[in-house]
$ cat work.cif   # mmCIF, C-alpha atoms and all ligand atoms
data_upload
#
loop_
_atom_site.label_atom_id
_atom_site.label_comp_id
_atom_site.auth_asym_id
_atom_site.auth_seq_id
_atom_site.Cartn_x
_atom_site.Cartn_y
_atom_site.Cartn_z
CA MET A 1 10.72 -46.14 -80.30
CA SER A 2 10.97 -43.22 -82.74
CA GLU A 3 14.17 -41.19 -83.04
CA ASN A 4 12.35 -38.28 -81.43
CA ALA A 5 11.20 -40.32 -78.45
CA CYS A 6 14.89 -41.11 -77.65
CA LEU A 7 15.44 -37.39 -77.11
CA PHE A 8 13.33 -37.57 -73.98
CA ASN A 9 15.26 -40.43 -72.36
CA PRO A 10 17.27 -40.09 -69.13
CA THR A 11 20.49 -40.40 -71.14
CA ASN A 12 19.67 -37.15 -72.89
CA ILE A 13 19.59 -35.12 -69.66
CA ASP A 14 22.80 -33.60 -68.33
CA LEU A 15 22.27 -33.13 -64.60
CA LYS A 16 25.70 -31.54 -64.17
CA VAL A 17 24.84 -28.75 -66.60
CA LEU A 18 21.37 -28.32 -65.06
CA ALA A 19 22.96 -28.02 -61.60
CA GLN A 20 24.94 -25.04 -62.88
CA ARG A 21 22.45 -23.38 -65.19
CA ALA A 22 18.84 -24.20 -64.25
CA HIS A 23 17.76 -21.38 -61.92
CA ASN A 24 14.30 -20.11 -60.91
CA LEU A 25 13.68 -22.62 -58.07
CA ARG A 26 15.33 -25.45 -59.98
CA TRP A 27 18.46 -27.65 -59.98
CA ALA A 28 20.97 -24.79 -59.62
CA GLU A 29 19.18 -23.29 -56.61
CA LEU A 30 18.38 -26.37 -54.54
CA PRO A 31 20.58 -28.58 -52.37
CA THR A 32 22.16 -31.52 -54.19
CA GLY A 33 19.82 -34.49 -54.26
CA VAL A 34 16.59 -32.50 -54.36
CA ILE A 35 14.39 -33.12 -57.41
CA PRO A 36 12.82 -29.85 -58.58
CA LEU A 37 9.31 -30.26 -59.97
CA THR A 38 8.98 -26.51 -59.63
CA ALA A 39 9.29 -23.82 -62.33
CA ALA A 40 7.77 -24.91 -65.62
CA ASP A 41 11.01 -25.29 -67.50
CA PRO A 42 11.95 -28.60 -69.14
CA ASP A 43 14.94 -30.67 -68.04
CA PHE A 44 15.63 -31.65 -71.66
CA PRO A 45 18.15 -29.86 -73.87
CA ALA A 46 16.68 -27.79 -76.70
CA ALA A 47 16.44 -29.09 -80.28
CA SER A 48 19.88 -29.25 -81.90
CA VAL A 49 18.61 -27.37 -84.99
CA ILE A 50 18.33 -24.30 -82.76
CA THR A 51 21.98 -24.48 -81.72
CA GLU A 52 23.00 -25.08 -85.34
CA ALA A 53 21.14 -21.93 -86.44
CA ILE A 54 22.90 -19.88 -83.75
CA VAL A 55 26.28 -21.25 -84.83
CA ARG A 56 25.53 -20.41 -88.48
CA TYR A 57 24.57 -16.86 -87.53
CA THR A 58 27.63 -16.31 -85.35
CA SER A 59 30.11 -17.65 -87.92
CA SER A 60 30.46 -14.21 -89.56
CA ASN A 61 31.42 -12.69 -86.19
CA TYR A 62 29.00 -9.78 -86.69
CA TYR A 63 26.61 -8.79 -83.91
CA SER A 64 25.26 -5.46 -85.17
CA TYR A 65 22.09 -3.81 -83.81
CA SER A 66 19.03 -5.55 -85.16
CA ALA A 67 15.99 -3.68 -86.55
CA PRO A 68 13.99 -1.81 -83.84
CA LYS A 69 10.84 -3.75 -84.74
CA GLY A 70 12.79 -7.00 -84.71
CA TYR A 71 14.73 -9.42 -86.87
CA LEU A 72 12.68 -9.84 -90.04
CA PRO A 73 13.09 -13.64 -90.41
CA PHE A 74 11.77 -14.02 -86.85
CA ARG A 75 8.78 -11.77 -87.50
CA GLU A 76 8.07 -13.64 -90.74
CA ALA A 77 8.33 -17.04 -89.05
CA MET A 78 6.03 -15.92 -86.22
CA ALA A 79 3.42 -14.48 -88.61
CA ALA A 80 3.50 -17.63 -90.75
CA TYR A 81 3.19 -19.85 -87.66
CA MET A 82 0.18 -17.89 -86.40
CA GLN A 83 -1.45 -18.06 -89.83
CA THR A 84 -0.91 -21.78 -90.49
CA ARG A 85 -1.14 -23.20 -86.96
CA ARG A 86 -3.56 -20.75 -85.32
CA SER A 87 -5.59 -19.30 -88.24
CA TYR A 88 -4.67 -15.86 -86.92
CA SER A 89 -3.89 -13.46 -89.77
CA VAL A 90 -1.63 -11.04 -87.96
CA GLY A 91 0.93 -10.42 -90.71
CA VAL A 92 4.58 -9.54 -90.24
CA GLU A 93 3.65 -5.91 -89.54
CA GLY A 94 1.72 -6.96 -86.42
CA VAL A 95 4.52 -9.00 -84.77
CA LEU A 96 6.84 -7.37 -82.24
CA PRO A 97 9.58 -9.52 -80.70
CA VAL A 98 10.06 -8.83 -76.99
CA ASP A 99 12.50 -10.18 -74.45
CA SER A 100 10.12 -12.76 -72.91
CA ALA A 101 6.41 -13.45 -72.63
CA ALA A 102 6.64 -11.97 -69.14
CA PHE A 103 7.73 -8.64 -70.63
CA GLY A 104 4.98 -8.99 -73.27
CA ILE A 105 2.36 -9.16 -70.50
CA TYR A 106 3.91 -6.17 -68.76
CA LEU A 107 4.18 -4.18 -72.00
CA THR A 108 0.52 -4.86 -72.77
CA CYS A 109 -0.52 -3.63 -69.32
CA LYS A 110 1.72 -0.59 -69.63
CA THR A 111 0.17 0.24 -73.00
CA LEU A 112 -3.48 -0.28 -72.09
CA LEU A 113 -3.81 0.72 -68.45
CA ASN A 114 -3.63 4.11 -66.78
CA LYS A 115 -3.21 4.44 -63.04
CA GLY A 116 -6.34 3.13 -61.30
CA ASP A 117 -7.65 1.24 -64.35
CA GLU A 118 -8.91 -2.26 -63.68
CA ALA A 119 -8.01 -5.51 -65.39
CA ILE A 120 -9.79 -8.82 -64.90
CA VAL A 121 -7.34 -11.56 -63.97
CA PHE A 122 -8.25 -15.23 -63.58
CA ASP A 123 -8.00 -17.01 -60.25
CA PRO A 124 -5.96 -19.16 -60.10
CA VAL A 125 -3.43 -18.06 -62.69
CA ASP A 126 0.30 -17.42 -62.96
CA PHE A 127 1.37 -14.44 -60.81
CA LEU A 128 2.68 -12.48 -63.82
CA PHE A 129 -0.75 -11.08 -64.70
CA ALA A 130 -1.65 -9.43 -61.36
CA TYR A 131 1.98 -8.44 -60.90
CA SER A 132 2.11 -6.65 -64.28
CA VAL A 133 -1.27 -4.95 -63.81
CA GLU A 134 -0.18 -3.66 -60.40
CA ALA A 135 3.32 -2.71 -61.59
CA VAL A 136 1.79 -0.12 -63.94
CA GLY A 137 -0.56 1.23 -61.26
CA GLY A 138 -3.61 -0.79 -62.29
CA VAL A 139 -5.95 -2.88 -60.15
CA ALA A 140 -6.22 -6.65 -60.67
CA VAL A 141 -9.79 -7.88 -60.20
CA ARG A 142 -9.98 -11.64 -59.73
CA PHE A 143 -12.35 -13.85 -61.74
CA PRO A 144 -12.53 -17.37 -60.25
CA ILE A 145 -12.06 -20.35 -62.55
CA PRO A 146 -11.82 -23.29 -60.14
CA ALA A 147 -10.02 -26.41 -61.35
CA GLY A 148 -12.45 -28.75 -63.09
CA THR A 149 -14.73 -26.00 -64.41
CA ASP A 150 -15.99 -27.51 -67.66
CA ARG A 151 -17.80 -24.52 -69.02
CA VAL A 152 -16.86 -21.02 -67.86
CA ASP A 153 -19.76 -18.58 -67.99
CA PHE A 154 -17.96 -15.40 -68.97
CA ASP A 155 -21.16 -13.35 -68.70
CA SER A 156 -20.84 -13.77 -64.95
CA MET A 157 -17.86 -11.40 -65.15
CA GLU A 158 -20.40 -8.59 -65.56
CA SER A 159 -20.63 -8.16 -61.77
CA LEU A 160 -16.90 -7.32 -61.71
CA LEU A 161 -17.18 -4.46 -64.20
CA THR A 162 -16.77 -0.82 -63.22
CA PRO A 163 -16.25 2.27 -65.39
CA ARG A 164 -12.50 1.71 -64.86
CA THR A 165 -12.44 -1.83 -66.33
CA LYS A 166 -10.26 -1.81 -69.46
CA LEU A 167 -8.79 -5.24 -69.97
CA ILE A 168 -9.42 -8.97 -69.61
CA CYS A 169 -6.29 -11.08 -69.09
CA LEU A 170 -6.85 -14.47 -70.72
CA CYS A 171 -4.33 -17.23 -70.03
CA ASN A 172 -5.02 -20.04 -72.49
CA PRO A 173 -4.11 -22.82 -71.74
CA LEU A 174 -4.42 -21.84 -68.13
CA ASN A 175 -1.37 -22.23 -65.90
CA PRO A 176 -1.71 -23.76 -63.23
CA THR A 177 -4.90 -25.83 -63.82
CA GLY A 178 -4.11 -26.80 -67.42
CA LYS A 179 -7.58 -25.84 -68.67
CA VAL A 180 -7.83 -25.29 -72.43
CA PHE A 181 -10.68 -22.91 -73.21
CA THR A 182 -13.11 -24.17 -75.83
CA ARG A 183 -14.07 -22.26 -78.93
CA GLU A 184 -17.56 -21.74 -77.48
CA GLU A 185 -16.15 -20.24 -74.28
CA LEU A 186 -13.89 -17.95 -76.28
CA LEU A 187 -16.79 -16.83 -78.49
CA GLN A 188 -18.70 -15.87 -75.35
CA LEU A 189 -15.65 -14.08 -73.91
CA ALA A 190 -15.14 -12.20 -77.19
CA ALA A 191 -18.81 -11.14 -77.29
CA PHE A 192 -18.53 -9.95 -73.69
CA ALA A 193 -15.42 -7.89 -74.49
CA GLU A 194 -17.17 -6.42 -77.51
CA LYS A 195 -20.31 -5.55 -75.54
CA HIS A 196 -18.31 -3.79 -72.82
CA ASN A 197 -15.58 -2.38 -75.06
CA LEU A 198 -12.72 -4.17 -73.30
CA TYR A 199 -9.30 -5.16 -74.59
CA ILE A 200 -8.19 -8.78 -74.36
CA LEU A 201 -4.66 -9.85 -73.49
CA SER A 202 -4.35 -13.44 -74.70
CA ASP A 203 -1.29 -15.17 -73.27
CA GLU A 204 -0.77 -18.24 -75.44
CA ILE A 205 2.69 -19.31 -74.29
CA TRP A 206 1.29 -22.77 -73.49
CA SER A 207 -0.69 -23.18 -76.71
CA ASP A 208 1.53 -25.91 -78.19
CA ILE A 209 1.24 -28.07 -75.08
CA VAL A 210 -2.32 -29.34 -75.49
CA PHE A 211 -3.26 -32.98 -74.98
CA GLN A 212 -5.68 -34.89 -77.20
CA PRO A 213 -8.63 -34.73 -77.57
CA HIS A 214 -8.48 -31.08 -76.53
CA ALA A 215 -7.85 -28.46 -79.17
CA PHE A 216 -6.49 -24.96 -78.88
CA THR A 217 -8.23 -21.91 -80.35
CA SER A 218 -6.52 -18.55 -80.48
CA ILE A 219 -9.15 -15.97 -79.54
CA ALA A 220 -7.86 -13.51 -82.14
CA SER A 221 -8.62 -16.07 -84.87
CA LEU A 222 -12.37 -15.83 -84.20
CA ASP A 223 -12.87 -12.77 -86.38
CA LYS A 224 -11.28 -9.46 -87.32
CA THR A 225 -13.23 -7.43 -84.74
CA VAL A 226 -12.02 -9.69 -81.93
CA ALA A 227 -8.49 -9.62 -83.34
CA ASP A 228 -8.48 -5.82 -83.32
CA ARG A 229 -9.17 -5.64 -79.58
CA THR A 230 -6.73 -8.43 -78.73
CA ILE A 231 -3.05 -8.41 -77.97
CA THR A 232 -1.66 -11.91 -78.26
CA VAL A 233 1.45 -12.77 -76.26
CA THR A 234 3.59 -15.83 -76.68
CA GLY A 235 7.02 -17.10 -75.72
CA PHE A 236 9.61 -19.83 -76.21
CA SER A 237 10.30 -21.02 -72.65
CA LYS A 238 7.67 -23.77 -72.54
CA SER A 239 7.57 -25.39 -75.99
CA TYR A 240 11.27 -25.19 -76.82
CA GLY A 241 13.17 -25.00 -73.52
CA LEU A 242 14.57 -21.54 -74.34
CA ALA A 243 13.74 -19.74 -71.08
CA GLY A 244 17.24 -18.29 -70.71
CA MET A 245 17.04 -16.78 -74.19
CA ARG A 246 14.35 -14.41 -72.89
CA LEU A 247 12.33 -14.32 -76.10
CA GLY A 248 8.66 -13.72 -76.74
CA ALA A 249 6.37 -11.84 -79.08
CA VAL A 250 3.40 -9.50 -78.78
CA MET A 251 1.01 -9.41 -81.71
CA ALA A 252 -1.74 -6.99 -82.69
CA THR A 253 -3.72 -6.57 -85.93
CA ASP A 254 -4.80 -3.00 -85.15
CA PRO A 255 -1.96 -0.83 -86.51
CA VAL A 256 -2.61 1.96 -84.00
CA LEU A 257 -2.44 -0.48 -81.11
CA PHE A 258 0.70 -2.05 -82.56
CA GLU A 259 2.44 1.33 -82.79
CA ARG A 260 1.51 2.09 -79.18
CA LEU A 261 3.04 -1.23 -78.10
CA PHE A 262 6.15 -0.51 -80.13
CA GLU A 263 6.50 2.98 -78.67
CA ASN A 264 6.09 1.69 -75.11
CA SER A 265 8.62 -1.09 -75.72
CA LEU A 266 11.33 1.61 -76.05
CA HIS A 267 12.91 -0.54 -78.78
CA SER A 268 13.22 2.50 -81.06
CA THR A 269 15.41 4.23 -78.46
CA THR A 270 17.67 1.16 -77.92
CA ILE A 271 16.90 1.38 -74.18
CA HIS A 272 15.20 -1.99 -74.65
CA GLY A 273 15.45 -4.53 -77.44
CA VAL A 274 15.73 -8.24 -78.08
CA ASN A 275 19.07 -10.00 -78.31
CA ILE A 276 19.63 -11.01 -81.93
CA LEU A 277 20.70 -14.55 -81.01
CA ALA A 278 17.44 -15.10 -79.17
CA GLN A 279 15.56 -14.10 -82.31
CA VAL A 280 17.71 -16.42 -84.42
CA ALA A 281 16.91 -19.21 -81.95
CA GLY A 282 13.18 -18.44 -82.10
CA THR A 283 13.23 -18.43 -85.91
CA ALA A 284 14.85 -21.88 -85.96
CA ALA A 285 12.40 -23.13 -83.33
CA LEU A 286 9.40 -22.12 -85.44
CA ASN A 287 10.82 -23.15 -88.82
CA GLU A 288 12.88 -26.23 -88.00
CA ALA A 289 12.01 -27.69 -84.59
CA GLN A 290 8.44 -28.84 -85.21
CA ASP A 291 9.31 -32.56 -85.28
CA TRP A 292 11.21 -32.13 -82.02
CA LEU A 293 8.16 -30.36 -80.55
CA ALA A 294 5.81 -33.15 -81.68
CA GLY A 295 8.06 -35.71 -79.92
CA PHE A 296 8.14 -33.54 -76.79
CA ILE A 297 4.34 -33.30 -76.67
CA GLN A 298 4.04 -37.07 -77.14
CA HIS A 299 6.41 -37.60 -74.22
CA LEU A 300 4.53 -35.05 -72.10
CA GLN A 301 1.20 -36.77 -72.69
CA ARG A 302 2.67 -39.95 -71.16
CA MET A 303 4.20 -38.00 -68.26
CA ARG A 304 0.86 -36.25 -67.68
CA ASP A 305 -0.90 -39.62 -67.36
CA LEU A 306 1.82 -40.97 -65.06
CA THR A 307 1.66 -37.87 -62.85
CA VAL A 308 -2.12 -37.92 -62.54
CA SER A 309 -2.31 -41.61 -61.71
CA ARG A 310 0.54 -41.48 -59.17
CA MET A 311 -0.83 -38.35 -57.47
CA ASN A 312 -4.33 -39.80 -57.20
CA ALA A 313 -2.90 -42.94 -55.56
CA ILE A 314 -1.60 -40.88 -52.63
CA PRO A 315 -4.13 -40.70 -49.79
CA GLY A 316 -5.30 -37.12 -49.28
CA PHE A 317 -4.27 -36.02 -52.79
CA HIS A 318 -6.67 -35.30 -55.62
CA CYS A 319 -5.47 -34.40 -59.09
CA LEU A 320 -7.51 -33.61 -62.21
CA SER A 321 -5.93 -34.42 -65.54
CA PRO A 322 -4.61 -31.21 -67.14
CA GLN A 323 -5.88 -30.61 -70.69
CA GLY A 324 -2.78 -28.61 -71.54
CA CYS A 325 0.46 -27.23 -69.95
CA TYR A 326 3.03 -29.54 -68.35
CA VAL A 327 1.98 -28.79 -64.81
CA ALA A 328 -0.51 -30.60 -62.58
CA LEU A 329 -2.33 -28.84 -59.78
CA VAL A 330 -2.84 -31.28 -56.92
CA ASP A 331 -5.50 -30.63 -54.28
CA VAL A 332 -3.78 -31.66 -51.03
CA ARG A 333 -6.41 -30.57 -48.50
CA GLY A 334 -7.13 -34.22 -47.70
CA THR A 335 -3.73 -34.50 -46.02
CA GLY A 336 -4.72 -31.94 -43.39
CA LEU A 337 -1.58 -29.93 -44.21
CA SER A 338 -1.51 -26.48 -45.76
CA SER A 339 0.16 -26.01 -49.15
CA ALA A 340 3.12 -24.29 -47.51
CA ASP A 341 3.58 -26.92 -44.79
CA LEU A 342 3.34 -29.78 -47.26
CA GLN A 343 5.81 -28.09 -49.62
CA ALA A 344 8.27 -27.52 -46.74
CA ARG A 345 7.91 -31.13 -45.56
CA LEU A 346 8.42 -32.60 -49.03
CA LEU A 347 11.48 -30.43 -49.58
CA LYS A 348 13.09 -31.28 -46.26
CA GLU A 349 12.11 -34.92 -45.81
CA ALA A 350 11.40 -36.31 -49.29
CA LYS A 351 13.88 -34.09 -51.15
CA VAL A 352 11.31 -33.13 -53.74
CA ALA A 353 10.60 -29.45 -54.50
CA VAL A 354 7.11 -28.42 -55.60
CA VAL A 355 5.41 -25.00 -55.85
CA PRO A 356 2.96 -24.35 -53.01
CA GLY A 357 -0.45 -22.93 -54.01
CA LEU A 358 0.18 -19.59 -52.37
CA GLU A 359 -1.64 -16.42 -53.29
CA ARG A 360 1.58 -14.78 -54.43
CA TRP A 361 2.16 -17.48 -57.06
CA PHE A 362 -1.33 -18.22 -58.35
CA GLY A 363 -3.95 -16.16 -56.47
CA PRO A 364 -6.22 -17.04 -53.53
CA ALA A 365 -8.06 -19.85 -55.36
CA ALA A 366 -4.91 -22.00 -55.35
CA ALA A 367 -5.06 -22.41 -51.55
CA GLY A 368 -4.78 -26.08 -50.55
CA THR A 369 -2.88 -27.12 -53.68
CA ILE A 370 0.65 -27.81 -54.84
CA ARG A 371 1.83 -27.50 -58.44
CA ILE A 372 4.02 -30.13 -60.03
CA SER A 373 5.89 -29.73 -63.31
CA PHE A 374 6.25 -32.98 -65.25
CA ALA A 375 8.60 -31.84 -68.06
CA THR A 376 11.26 -34.36 -67.20
CA THR A 377 11.98 -38.05 -67.64
CA GLU A 378 9.80 -40.92 -66.49
CA GLU A 379 12.69 -42.06 -64.26
CA ILE A 380 13.04 -38.72 -62.45
CA LEU A 381 9.28 -38.45 -61.99
CA THR A 382 9.02 -42.01 -60.69
CA THR A 383 11.80 -41.39 -58.16
CA ALA A 384 10.13 -38.16 -57.01
CA PHE A 385 6.69 -39.75 -56.74
CA ASP A 386 8.09 -42.77 -54.83
CA ARG A 387 9.70 -40.38 -52.36
CA ILE A 388 6.49 -38.36 -51.90
CA GLU A 389 4.39 -41.50 -51.46
CA LYS A 390 6.80 -42.96 -48.90
CA ASN A 391 7.03 -39.71 -46.97
CA LEU A 392 3.29 -39.28 -46.72
CA ALA A 393 2.43 -42.93 -46.01
CA GLY A 394 0.30 -43.10 -42.91
CA LEU A 395 -0.39 -39.36 -42.84
CA CYS A 396 -4.08 -39.83 -43.53
CA ALA A 397 -6.38 -42.81 -43.49
CA SER A 398 -8.00 -42.61 -46.91
C1 LIG O 1 1.18 -18.24 -68.49
C2 LIG O 1 2.61 -17.83 -68.54
N1 LIG O 1 2.95 -16.69 -69.17
C3 LIG O 1 4.22 -16.28 -69.23
C4 LIG O 1 5.24 -17.00 -68.64
C5 LIG O 1 6.64 -16.49 -68.70
O1 LIG O 1 7.28 -16.82 -69.90
P1 LIG O 1 8.73 -16.23 -70.25
O2 LIG O 1 9.75 -17.18 -69.74
O3 LIG O 1 8.76 -16.11 -71.75
O4 LIG O 1 8.80 -14.91 -69.61
C6 LIG O 1 4.93 -18.19 -67.97
C7 LIG O 1 5.98 -18.99 -67.30
O5 LIG O 1 5.72 -19.82 -66.45
C8 LIG O 1 3.59 -18.62 -67.93
O6 LIG O 1 3.23 -19.76 -67.32
#

$ encode --input "work.cif" --output "structure tokens"
Amino acid sequence: MSENACLFNPTNIDLKVLAQRAHNLRWAELPTGVIPLTAADPDFPAASVITEAIVRYTSSNYYSYSAPKGYLPFREAMAAYMQTRRSYSVGVEGVLPVDSAAFGIYLTCKTLLNKGDEAIVFDPVDFLFAYSVEAVGGVAVRFPIPAGTDRVDFDSMESLLTPRTKLICLCNPLNPTGKVFTREELLQLAAFAEKHNLYILSDEIWSDIVFQPHAFTSIASLDKTVADRTITVTGFSKSYGLAGMRLGAVMATDPVLFERLFENSLHSTTIHGVNILAQVAGTAALNEAQDWLAGFIQHLQRMRDLTVSRMNAIPGFHCLSPQGCYVALVDVRGTGLSSADLQARLLKEAKVAVVPGLERWFGPAAAGTIRISFATTEEILTTAFDRIEKNLAGLCAS
């Protein structure tokens, strides 16, 4: 076993700390004994190089305001990462650190949408897109991408267009189905946006978590014209376990668009801004934690396979193998129970927490599903899956 693989062993998880600190439907918010396979937040501690970088920065005891457009080493690291790993030439001048990918989505909506403007939002997808569109007075128009769709025909979005349509919200890889959009699909989406003069919000927070043989393409890397109508959003909660740092970035190659994002961020007024230590952490993650990340992805690929095979062995469950993300969307309609009833039963009787496929989390297309996060150890997953299997034994015949 490689040194990195040891990092993802049960001995490297501190359940006592998680019980105090892991919120958002996880260990700290659930009764003792419940296993949370809920919010997509890893159980593993972050790479030690990140902590070391924070300690180095803090040793001078200075915590002055950072630059309104962000800490330069972070912006440089982000631009270099996008260039070398994503072939996206955004440059330092096009990178704006923000305090989470969630805020990056909201900031993009705030910048691009006026009251009553429409944005196309996938269905199912994480709630943050529709929530952000609506929070700025826009209208979220759902575009269905059912689990298992091999080839999305983006031209079929034409029927959703109105004179108020301004934006397409792309989530790639797609939480909660784990779909990774192919280059061909993205070329078609880009051509569609070009034809109808639409902006693209590309949320790529999951773009490191992609399982072979699938490959990630950043839509803004396709060409300069596409890049200029795209705002790329990313974050550090998924790949590096830094959710509590509240760090993300929005990126735009069009300087006018970038300045509008900056102005709307209110960073220049100091009303908003990104904690300097979060930016130090993000810099270390990008520059020094790539081996750690490779080990994490390797571990996740094994946990993905375990999750899919165990879920498909449960009568009434059907689970497609996610191409990316560390969540699996399980179709539970075969049990005869609704998502909400099954979630409540598993929580109460099996002491396993999952996310029910409710409209408020993922949109109407998630009905009849539950979402399971597998960013934990094989031992914790096995215990949770044994409990689910035992609880549901005999519920349905096949
Ligand atoms: C697609 C997507 N975007 C954004 C976020 C939020 O990321 P952050 O913690 O940086 O706000 C999530 C978290 O689940 C997500 O799945």

$ residues_near_ligand --input "work.cif" --ligand "ligand LIG 1 (chain O)" --cutoff "6 Å" --atoms "only C-alpha atoms and all ligand atoms" --output "ChimeraX atom specification"
/A:40,100-102,126,171,175,205,235-237,243,246-248

$ write_last_selection --input "work.cif" --atoms "C-alpha atoms" --output "PDB file, in the frame of the given file"
ATOM      1  CA  ALA A  40       7.770 -24.910 -65.620  1.00  0.00           C
ATOM      2  CA  SER A 100      10.120 -12.760 -72.910  1.00  0.00           C
ATOM      3  CA  ALA A 101       6.410 -13.450 -72.630  1.00  0.00           C
ATOM      4  CA  ALA A 102       6.640 -11.970 -69.140  1.00  0.00           C
ATOM      5  CA  ASP A 126       0.300 -17.420 -62.960  1.00  0.00           C
ATOM      6  CA  CYS A 171      -4.330 -17.230 -70.030  1.00  0.00           C
ATOM      7  CA  ASN A 175      -1.370 -22.230 -65.900  1.00  0.00           C
ATOM      8  CA  ILE A 205       2.690 -19.310 -74.290  1.00  0.00           C
ATOM      9  CA  GLY A 235       7.020 -17.100 -75.720  1.00  0.00           C
ATOM     10  CA  PHE A 236       9.610 -19.830 -76.210  1.00  0.00           C
ATOM     11  CA  SER A 237      10.300 -21.020 -72.650  1.00  0.00           C
ATOM     12  CA  ALA A 243      13.740 -19.740 -71.080  1.00  0.00           C
ATOM     13  CA  ARG A 246      14.350 -14.410 -72.890  1.00  0.00           C
ATOM     14  CA  LEU A 247      12.330 -14.320 -76.100  1.00  0.00           C
ATOM     15  CA  GLY A 248       8.660 -13.720 -76.740  1.00  0.00           C
TER      16      GLY A 248
END

$ closest_residue --input "work.cif" --among "A:Ala278, A:Val180, A:Ile168, A:Ala130" --to "Ile231 of chain A" --atoms "only C-alpha atoms"
A:Ile168

$ closest_residue --input "work.cif" --among "A:His196, A:Arg183, A:Arg86, A:Lys351" --to "Thr165 of chain A" --atoms "all atoms listed in the file"
A:His196

$ residues_around --input "work.cif" --residues "Ser239 of chain A" --least-positions-apart "5" --cutoff "8 Å" --atoms "only C-alpha atoms" --output "list in words"
Ile205, Trp206, Asp208, Ile209 and Leu293 of chain A

$ write_last_selection --input "work.cif" --atoms "C-alpha atoms" --output "CSV table (one decimal), keeping the file's coordinate frame"
chain,number,residue,atom,x,y,z
A,205,ILE,CA,2.7,-19.3,-74.3
A,206,TRP,CA,1.3,-22.8,-73.5
A,208,ASP,CA,1.5,-25.9,-78.2
A,209,ILE,CA,1.2,-28.1,-75.1
A,293,LEU,CA,8.2,-30.4,-80.6

$ atom_distance --input "work.cif" --atom1 "atom CA of Gly273 of chain A" --atom2 "atom CA of Ile105 of chain A"
15.5 Å

$ residues_around --input "work.cif" --residues "Leu128 of chain A" --least-positions-apart "6" --cutoff "12 Å" --atoms "all atoms listed in the file" --output "ChimeraX atom specification"
/A:100-109,121-122,134-135,140,169-171,175,203,360-363
